[in-house]
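Colleague: The structure's right below; bear with me while I get my questions together.
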Amino acid sequence: MRAGFGKLVTMEHRGVDKPVFVTGGTGALGRVVVAQLLAAGHEVRVASRRTVPVEPRPPYGWATADLLTGEGVAAAFSGTGVVVHCATTMRGAKEVTATRAVVEAVRRAGLSHLVYVSIVGVDRVPFGYYRAALRVPRGPPGGLPAVGRGRPDSRARRRRADPGGPAHPHPARVGNEVDMNSYLDRLPLFDGHCHGVVRSDLDRRSFELLITESDSPAPPGTTYFDSPLGLAIRRWCAPVLDLSPFPSAEEYLQRRAELGAEEANRRLLAGTGIGVFLVDTGYAPPDALTPAEIAELAGGVAHPVVRLEAVAERVAAGGPGAGEYADRVADELDRAAAGAAGLKSIVAYRHGLDFDPAPPRRAEVAAAAGRWLRAGGSRLADPVLLRHALWTGVEVARERGLPIQFHVGYGDPDIDLRRSNPLLMRDFLRAAEPVPVMLLHCYPYHREAGYLAAVYPHVHLDVGLAVHYTAASSAAVIAESLELAPFHKNLFSTDAYGLAELYYLGALLYRRGLDRVLSDWVAREECSPQDAARIARLIGADNARRVYRLTGSPATAHAGRPVDG
């Protein structure tokens, strides 16, 4: 929702002398609508399940109401003249229930207008949430004077063609601007790489160690909240926990403790709009939610990703002989891959990406396995055995049609960042073709990853954890990742670990950043609104669905494989 709504409201509702009621007025879309209504000189009333905040006092009327239960709705609408319905939820059934309650309440109150903000492309894009949105009332219901659907800036044109018809199938334009914001706000995402979420309550020290890649607490007198990520948590996650933006770190953590980890996790995960999660089950925090539990809280589905090095370490723990080690790894990896969406390597951490690209000979593997097993066989760091795990993974991936993910670039102090440039993998990438390779995170080598994705047909990239760690600057990173790589090679992931906040911010900041990039392209006439919407769909979910061979929409995708956990 961009410039033009306030002007439209002023023109179309000139003379309205009663308050304009906005459902979802404290949400991402509703805040913009409220601000422009106020600027246009209208009296505004907002609905929320929460009671009115004491400080800061909002510059509009406040009504406490619950659209799902109907509690307080009739009283909230009393005395208003126009309702703008901006409240939404990624849970399709609840969306239908809430919207029907609003329509019924408007009809009973005899109000003059109801403006229902729908979704562009809702009638053409086969996402589960979109199909649910089509089930809401589609025309004037029994005496309701008018129902506006879709983007207000193009509503008059649509009303002439079809008063109750579906939204225009691409983001609307206002002058030279494209309204990608609301389109992306409701676009279900496919998280191509993430980890577990801590289910228990956290003290401050534990929480702060999960918002940094450092393995040390912040120096005395400082805090990791004073970082781009910490600032983003206070700005964007605080309202999800019923706080005003930018509370102090103490206030945020106190409110999180009051709600409890279970409720905080539920709210933040449900707010991501992520429909599919690929979870690296080889590296999870203590007391973590299972992939299935994460998916249930978010209203999506989850599939495991198998970490190659973890499989080798599991085999070593079973005490094999050096001569049988290679076969045991191959058998165990094939078994694990049968229930997975993909494989993953952290050779960047254990050695660096400048590894010998050739497969090791069997005698080399046996000799290296003997040395490692005699030393205890704990953390796999032997370069020969790392190469063996990689090439075993390539063979399994080729047979099962699975991609292989690689950690690239930014990470904790265990990584030598100088040796995590994906250009160092060039010879291996050429030898591994056609197995799909996913370069994860990539920062600060995302431009190098973009080059590799541009020249090798099986190479793809995302900017993963770079998005929430760069936070306010993440749009620039997203823009750079799109400079060279084909749009069908760029994917979305959060790499969230430990905190539900990282899932929430990964999705929110990526949507905001992609909105800025694509809206700018359209404004400069470098891209059409239709192409912008298609690019957003490709990156948000469609590329991942194709590469990981997951069928169905992001909200209902399945791979025919069981969920681990």
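Please note that chains go A, B, ... in the order of the structure tokens, that every chain numbers its residues from 1, and that ligands are numbered from 1 in the order shown.
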Among stretch 460-524 of chain A, which residues does DSSP mark as helix (DSSP H, G or I) when it is run on the backbone? Keep the chain and numbering as in the structure and answer as a ChimeraX atom specification.
Modeller: /A:464-481,487-489,500-523
Colleague: Residues within 7 Å of stretch 505-512 of chain A, please, as a list in words. Count only C-alpha atoms; anything in the same chain fewer than 2 positions from it doesn't count.
Modeller: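 The contact residues come out as Leu184, Asp185, Thr272, Val467, His468, Ala471, Thr494, Glu501, Leu502, Tyr503, Leu514, Asp515 and Arg516 of chain A.
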Colleague: For the selection just defined, write its residues with C-alpha atoms to a file, as a PDB file, in the first residue's frame.
Modeller:
ATOM      1  CA  LEU A 184       5.065  -9.668  -0.830  1.00  0.00           C
ATOM      2  CA  ASP A 185       3.546  -9.354   2.636  1.00  0.00           C
ATOM      3  CA  THR A 272       6.524 -15.605   9.181  1.00  0.00           C
ATOM      4  CA  VAL A 467      19.573 -10.842   5.733  1.00  0.00           C
ATOM      5  CA  HIS A 468      18.871 -10.781   9.454  1.00  0.00           C
ATOM      6  CA  ALA A 471      19.006  -6.090   8.957  1.00  0.00           C
ATOM      7  CA  THR A 494      16.505 -17.812   6.877  1.00  0.00           C
ATOM      8  CA  GLU A 501      12.849 -14.144  16.084  1.00  0.00           C
ATOM      9  CA  LEU A 502      15.347 -15.120  13.395  1.00  0.00           C
ATOM     10  CA  TYR A 503      12.658 -16.884  11.365  1.00  0.00           C
ATOM     11  CA  LEU A 514      12.870  -7.537  -2.230  1.00  0.00           C
ATOM     12  CA  ASP A 515      10.013  -5.026  -2.254  1.00  0.00           C
ATOM     13  CA  ARG A 516      12.497  -2.143  -2.343  1.00  0.00           C
TER      14      ARG A 516
END
Colleague: Take atom CA of A:Phe277 and atom CA of A:Ala496 and report the distance between them in Å, one decimal.
Modeller: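 Spanning atom CA of A:Phe277 to atom CA of A:Ala496 is a straight-line distance of 10.6 Å.
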Colleague: Using only C-alpha atoms, can you tell me which of A:Arg199, A:His458, A:His351, A:His193 comes closest to A:Pro434?
Modeller: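 The answer is A:His458, which sits nearest to A:Pro434.
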Colleague: For A:Lys489, please output as a list of chain:residue names all residues within 10 Å (counting only C-alpha atoms; exclusion window: fewer than 6 positions along the same chain).
Modeller: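 Surrounding residues, per the criterion: A:Met438, A:Gly450, A:Ala453, A:Ala454, A:Pro457, A:His458, A:Val459, A:His460, A:Leu461, A:Asp462, A:Leu482, A:Leu538, A:Ile539, A:Asn543, A:Ala544, A:Val547.
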Colleague: Write the selection just made, keeping C-alpha atoms, as a PDB file, in the first residue's frame?
Modeller:
ATOM      1  CA  MET A 438      22.908 -24.758  -3.362  1.00  0.00           C
ATOM      2  CA  GLY A 450      25.949 -14.981  -8.353  1.00  0.00           C
ATOM      3  CA  ALA A 453      25.005 -19.408 -10.604  1.00  0.00           C
ATOM      4  CA  ALA A 454      25.084 -17.459 -13.862  1.00  0.00           C
ATOM      5  CA  PRO A 457      23.354 -24.536 -14.866  1.00  0.00           C
ATOM      6  CA  HIS A 458      23.222 -26.598 -11.666  1.00  0.00           C
ATOM      7  CA  VAL A 459      24.427 -23.898  -9.208  1.00  0.00           C
ATOM      8  CA  HIS A 460      22.030 -21.787  -7.118  1.00  0.00           C
ATOM      9  CA  LEU A 461      22.414 -19.314  -4.253  1.00  0.00           C
ATOM     10  CA  ASP A 462      20.700 -17.590  -1.368  1.00  0.00           C
ATOM     11  CA  LEU A 482      20.257 -10.134  -7.980  1.00  0.00           C
ATOM     12  CA  LEU A 538      10.341 -17.555  -8.253  1.00  0.00           C
ATOM     13  CA  ILE A 539      12.636 -16.488  -5.436  1.00  0.00           C
ATOM     14  CA  ASN A 543      12.616 -22.071  -7.516  1.00  0.00           C
ATOM     15  CA  ALA A 544      12.957 -24.150  -4.357  1.00  0.00           C
ATOM     16  CA  VAL A 547      14.999 -27.760  -7.432  1.00  0.00           C
TER      17      VAL A 547
END
Colleague: Skip A:Lys344 itself and residues of its chain fewer than 6 positions away, then list as a ChimeraX atom specification all residues within 6 Å of it, counting only C-alpha atoms.
Modeller: /A:306-308,404-406
Colleague: Suppose we keep C-alpha atoms; can you now write the selection as a short mmCIF file (atom, residue, chain, number, x, y, z; two decimals), in the first residue's frame?
Modeller:
data_model
loop_
_atom_site.label_atom_id
_atom_site.label_comp_id
_atom_site.auth_asym_id
_atom_site.auth_seq_id
_atom_site.Cartn_x
_atom_site.Cartn_y
_atom_site.Cartn_z
CA VAL A 306 20.96 -34.49 6.01
CA ARG A 307 24.40 -33.19 6.98
CA LEU A 308 27.15 -35.29 5.39
CA ILE A 404 23.53 -30.64 -2.06
CA GLN A 405 23.78 -27.52 0.08
CA PHE A 406 27.10 -25.89 0.99
#
Colleague: Near A:Gly61, within 7 Å and counting only C-alpha atoms, which residues show up once chain neighbours fewer than 2 positions away are dropped, as a list in words?
Modeller: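 So the residues in contact are Val44, Arg45, Val46 and Ala63 of chain A.
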Colleague: Restricted to C-alpha atoms, what would the selected residues look like written as an mmCIF file, in the first residue's frame?
Modeller:
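In the end it all went to out.cif:
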data_model
loop_
_atom_site.group_PDB
_atom_site.id
_atom_site.type_symbol
_atom_site.label_atom_id
_atom_site.label_comp_id
_atom_site.auth_asym_id
_atom_site.auth_seq_id
_atom_site.Cartn_x
_atom_site.Cartn_y
_atom_site.Cartn_z
ATOM 1 C CA VAL A 44 -9.986 6.950 12.571
ATOM 2 C CA ARG A 45 -10.772 4.091 14.906
ATOM 3 C CA VAL A 46 -8.621 0.941 15.071
ATOM 4 C CA ALA A 63 -11.582 -0.509 20.161
#
Colleague: With only C-alpha atoms as the counted atoms, please give the residues lying no more than 7 Å from A:Ser200, apart from itself and same-chain residues fewer than 2 positions off, as a list of chain:residue names.
Modeller: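 Non-adjacent residues within range: A:Val198, A:Leu202, A:Ala261, A:Asp287.
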Colleague: Mind giving me the straight-line distance from atom CA of A:Trp372 to atom CA of A:His388 in Å, one decimal?
Modeller: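 Taking atom CA of A:Trp372 and atom CA of A:His388, their separation equals 13.4 Å.
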Colleague: Kindly indicate which residue among A:Leu439, A:Ile274, A:Ala316, A:Leu385 lies nearest to A:Val408, using only C-alpha atoms for the distances.
Modeller: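 Going through A:Leu439, A:Ile274, A:Ala316, A:Leu385 one by one, the smallest distance to A:Val408 is for A:Leu439.
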Colleague: Determine the nearest neighbour of A:Phe492 from the options A:Ala310, A:Leu278, A:Ala238, A:Val20, counting only C-alpha atoms.
Modeller: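 Looking only at the distances to A:Phe492, the closest residue turns out to be A:Leu278.
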Colleague: Based on the backbone DSSP call, show me all residues of stretch 281-386 of chain A assigned strand (DSSP E or B), as a PyMOL selection string.
Modeller: chain A and resi 288+301-307+342-345
Colleague: Could the residues in this selection be written to a file with N, CA and C atoms, as a compact mmCIF listing (two decimals), in the first residue's frame?
Modeller:
# COMPACT_ATOMS: atom_id res chain seq x y z
N ALA A 288 15.59 -28.34 21.46
CA ALA A 288 15.02 -27.69 20.28
C ALA A 288 13.68 -28.31 19.89
N VAL A 301 4.75 -27.06 6.47
CA VAL A 301 5.29 -28.42 6.50
C VAL A 301 6.81 -28.33 6.60
N ALA A 302 7.43 -29.41 7.05
CA ALA A 302 8.89 -29.43 7.21
C ALA A 302 9.47 -30.70 6.62
N HIS A 303 10.69 -30.59 6.10
CA HIS A 303 11.43 -31.73 5.57
C HIS A 303 12.87 -31.62 6.07
N PRO A 304 13.50 -32.73 6.40
CA PRO A 304 14.87 -32.68 6.90
C PRO A 304 15.90 -32.56 5.78
N VAL A 305 17.03 -31.96 6.12
CA VAL A 305 18.22 -31.94 5.28
C VAL A 305 19.32 -32.68 6.04
N VAL A 306 19.98 -33.62 5.37
CA VAL A 306 20.96 -34.49 6.01
C VAL A 306 22.36 -33.89 5.86
N ARG A 307 23.04 -33.73 6.98
CA ARG A 307 24.40 -33.19 6.98
C ARG A 307 25.40 -34.33 6.79
N GLY A 342 17.19 -32.95 0.92
CA GLY A 342 18.48 -32.62 0.36
C GLY A 342 19.59 -33.02 1.30
N LEU A 343 20.82 -32.83 0.84
CA LEU A 343 22.02 -33.09 1.63
C LEU A 343 22.75 -31.77 1.85
N LYS A 344 23.66 -31.77 2.83
CA LYS A 344 24.40 -30.54 3.13
C LYS A 344 25.81 -30.87 3.57
N SER A 345 26.76 -29.98 3.20
CA SER A 345 28.14 -30.10 3.66
C SER A 345 28.59 -28.81 4.33
Colleague: By how many Å are atom CA of A:Gly30 and atom CA of A:Thr80 apart?
Modeller: 17.0 Å
Colleague: Closest to A:Pro285 among A:Ala270, A:Ala485, A:Ala75, A:Leu210, using only C-alpha atoms?
Modeller: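 Ranked by minimum distance to A:Pro285, first place goes to A:Leu210.
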